[in-house]
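Read through the structure below, which is laid out as C-alpha cells, and then see the notes.
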Amino acid sequence: MSGAKLVASSARKSRLSGRPWPLVAALTASVAMVAAAASGASSPGSDMRFHPSGHWVYNSALQTAFHIDGATTNIDARVPVAGEPGSQVVQDDTNGYVVGRSRITRFGKSNLRVQGSLPTPSDETPLAIEAAGGPYLVYRQAGKIVRLGENTTVVTVGERIGDPVVTGDGTLWLLRRKSGLVCTLAKGSTATSTCPARLPAGHSGALTTVGDKPQVLDTTAGLLHAVSTQGLGAGKPVGVEVSADTRVAPTDSGGRLALLDPSTGRLSFVDTQAKRPPVNIELGKGDFEGPLWTDSTVVVVNRTTGTLQTYDAQGHARTNRKIPPSEGQPSIARGADGRVYVQNGAGTHLLIVDEDGQVADTPVSGGPEPSGAPSPSPSQPAKTPTRHEAPPPTAGLPASAPGAPQSVTASAGNRAATVSWQAAAANRAAVTGYVVSWPGGSRVVSGAARHATISGLTNGQSYTFSVSARNSAGEGPAASADPVTPRGAAAAPRGVTASVSGGAVTVRWQQPDLGGGTLRHYAISATGQASRTVTGTSATYSGLANGRYTFTVRAVTSSGGQTLTGAAGSAAVTVTGPTIHIERRPEAGAPNCTTCFYLYMTFTDFPANTSFDAQIFAEATGGDYDSPCHVKTDASGSAICDRDTRDGVPKGNVYVYVNLPDGRRITSNEIYWS
C-alpha cells in the first residue's frame, strides 16, 4: 500500500448529522495529476501504480488549496477555495476535495477551478484515505464512509469504527468498535461485503497491515492476528504493554510495527517475526498524532508541545522540530510519494519528512497563478446513491486485453483539446498504456495517465477522440468522447492603418483569423475618444483636435457559447487640422496700378468636397469686408480663393476665418494691408 495518505485526527467525538448526501455530478475536468495510492507499503504484486509527487494542503488564512512538490518543496499549483479552518484536501484522478466539518468543495486539478460543493454526512473531522477506488472519508463516530468521485456514495456501517486500512487491491478493511467485527469494503462497492473475522467479545483492537496483508492488534490481550477470509489467525504476543487507546501505524516497515499509546506517552517498535526485541521510547505527556512510517523513519506529532518528532527503526531520536504556531491544531499525513507531511493548524506552514528521515520546511503562501480566473460553481444537484455489486472472483483465469476505458470526455481549447478518461478494466494484466486516437493522428501515453492534451488542431473543425487501453495481452476496445470543436479568441486584425483627410481620420483593417468563432463586431478605441463598435472594416473619426492619436481594433467573436475578445491591432496618426494661409499679391494684369492687389487664400485639410464661406475680417473697421469668398474643397480637402480686393480694404491687419458646421472656427494668419 505504498503511497497512502492517511490524515490522522484527534477528533474522537461528534454529533451525528441527518443531512442528506447528494452525489457529485459527472466529472468533465481532465486529469492534471495521477491520483494518490492506497495507504501503506505496496507489495510487488499489487495492482496499484499510483506515484504522484507531493501533497495538497489547505491554507485557511488565504482560503486556498496548494499543491506542494515534496521533492523540491515547490508550490506548483494553487486553487482559491472558500473553506473552513482546519480543512484537509484529498484527491482522486481528476479532482481535489477540500473537506471541512460541514462542507466538501470539489475542484478540477486540470483547470484549477471550483466545480461545486456538497454537505458532509456528519460534523466530525473525518479520517481521509487516498486509495484505489477512493478517496475515502471515514466518519468514525458516525459509522459512515464516504467514497468521493463521479458516483459519490455513503456507506453506513451502523456502529462506530476504528481507523481503517487499505490493501493494495483496493480493499478497505475496517473494525467495528462495538461488535468487534473485521469487515471489508471492496474497491468500487457501495456496502461492506464480508466480515470474515471477529475479536473476542469485550475486546478492543486496531487494524494495520504487514506486507500488504491485514492484521488486527487485540489491544485487550496484546496479541497480533492475521486476518483472512477464514477469520483470525493465531495470535502472536507483541511483547509490549498495550491499552485500548494504543494506535498502530497503518503499515509496517520491514516487518516492524510502530505502536503509540497516547495515554502513557510510549512509542514502541515490535517485530512481527519476533526476530528483534521490542523497543520502547518514552515520549512524555502530550496530545499525540501518528505514528506514520516514511520508509524506516517513524513520525509523530505532539500537539501539546507543538513539535514534530522522528525516530529511526532502532528507536534513536532523529528530529525534534518545532511546528510554526498558528490557530488550530497541526495535522499529519502520509503522501502518495512516501513522504510524511505535517502542517500547522492554519495550513500556512508545512514540514516534509523525506523517505530517509530528513525534514524540510516551507511556508505555504505562494505559487503560480491558475490558468484561468477561478470562479465558484453552484452546488451539484442531489442524486440517489447507486449500489454496485462486487465483481465475481477471477483467480486462475488467464490475462486478456483490457476493457474499454470509462467516462471518456474531451474539452476543447485554442487549437487543442484535452481528452480524459477513467481506468480501463485491466483483466488480470496491468495496463501499460492508453492510445488516444482522432481523425488524422494518434498518441500513446502511459498506463498511469488519465488525460492527454492534443495540440496543433484546427480551430472551428470538429474532432472525435477515442481511447483504448493496452496490456501484455493486447489492445482492448476503444471508447469515444462526444465531438468537440477547438476554438480560440481571434487574432489581431491585419493591415491596420489610419489616415487623415479633410480633418477627419479614417481607420481601416482586414479581417483576422477568427479562431473558429463567429464575428460579432469589431471594438475600436482611440486616444481620448469613447469606444465604439462596427461591423465593417473601417471607421471614420471627425472633429478631432490637433494631436497624436492611437487607434486600437479587436475582433469580438462568439465561440462555444462564449463571447471572446481577440488580440489588438493598432495604428497611430497625427491630426494637424484645417489651416488657412493668406497672402497679399499684386495683380499681374495691372502693372502700372500701385493699388491693384488681391487676397490669395489657401485652404488645406478641410472636409473633402465641402462648400463654405470664408469671411475677410479687417481690424481697422472691426468687421467683415465686403462679401465672403465662396469656397468648395476638392477630394483632399483643399481649395484656393483669389479674391480681388483692389483698394477697398482699409489700412491695417486683415485675416480670414471660416465657421465649420461642427462648431469650430478656423482662422488664418494675419497680414498688414497698406
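Chains: A, B, ... in order of the C-alpha cells. Residues: from 1 per chain. Ligands: from 1, in order shown.
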
> Could you pull out all residues of range 401-575 of chain A with a DSSP call of strand (DSSP E or B) and give them as a ChimeraX atom specification?
Replying inline: /A:406-412,416-422,433-438,441-446,451-455,463,466-471,474-475,479-480,484,494-501,504-510,518-526,529-534,538-541,547-559,562-575

Would you mind listing what lies within 8 Å of Thr304 in chain A as a CSV table (one decimal) with N, CA and C atoms, in the first residue's frame, with only C-alpha atoms counted and same-chain residues fewer than 4 positions away left out?
```csv
chain,number,residue,atom,x,y,z
A,286,GLY,N,1.5,14.3,26.5
A,286,GLY,CA,1.1,15.2,25.3
A,286,GLY,C,-0.1,14.6,24.6
A,287,ASP,N,-0.5,15.4,23.7
A,287,ASP,CA,-1.6,15.0,22.8
A,287,ASP,C,-1.0,14.7,21.4
A,288,PHE,N,-0.9,13.4,21.2
A,288,PHE,CA,-0.1,12.9,20.1
A,288,PHE,C,-0.9,12.5,18.9
```

> Which polymer residues have any atom within 9 Å of an atom of Ser455 in chain A, counting only C-alpha atoms, with same-chain residues fewer than 5 positions away left out, as JSON, numbers by chain?
Replying inline: {"A": [413, 414, 415, 416, 417, 418]}

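Closest approach to Val419 in chain A among A:Thr264, A:Gly515, A:Thr94, A:Val507: A:Thr94, based on only C-alpha atoms.
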
> Rounded to one decimal in Å, what is the spacing between CA of Ala618 in chain A and CA of Asn653 in chain A?
Replying inline: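 One can read the CA of Ala618 in chain A to CA of Asn653 in chain A distance as 6.2 Å.
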
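Between Arg664 in chain A and the residues A:Trp293, A:Thr604, A:Ser542, A:Pro586, the shortest atom-to-atom distance, using only C-alpha atoms, involves A:Ser542.
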
>> Please list as number ranges by chain every residue within 12 Å of range 436-441 of chain A, counting only C-alpha atoms and excluding residues in the same chain fewer than 5 positions away.
In response: A: 405, 408-410, 417-421, 446-447, 449-458, 461-470, 477-484

>> For a quick check of understanding, using only C-alpha atoms, which of A:Ser228, A:Thr297, A:Asn427, A:Gln615 has the smallest distance to Val359 in chain A?
In response: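 Ranking A:Ser228, A:Thr297, A:Asn427, A:Gln615 by distance to Val359 in chain A, first place goes to A:Thr297.
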
> Which one is closest to Phe66 in chain A: A:Leu127, A:Ala424, A:Leu350, A:Val210? Count only C-alpha atoms.
Replying inline: A:Leu350

>> Can you measure CA of Gly460 in chain A to CA of Arg554 in chain A for me? One decimal in Å is fine.
In response: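 Distance reported for this atom pair: 19.2 Å.
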
> When distances are computed from only C-alpha atoms, which of A:Val98, A:Thr667, A:Gln309, A:Tyr655 shows the smallest separation from Leu118 in chain A?
Replying inline: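 Among the listed residues, A:Val98 lies closest to Leu118 in chain A.
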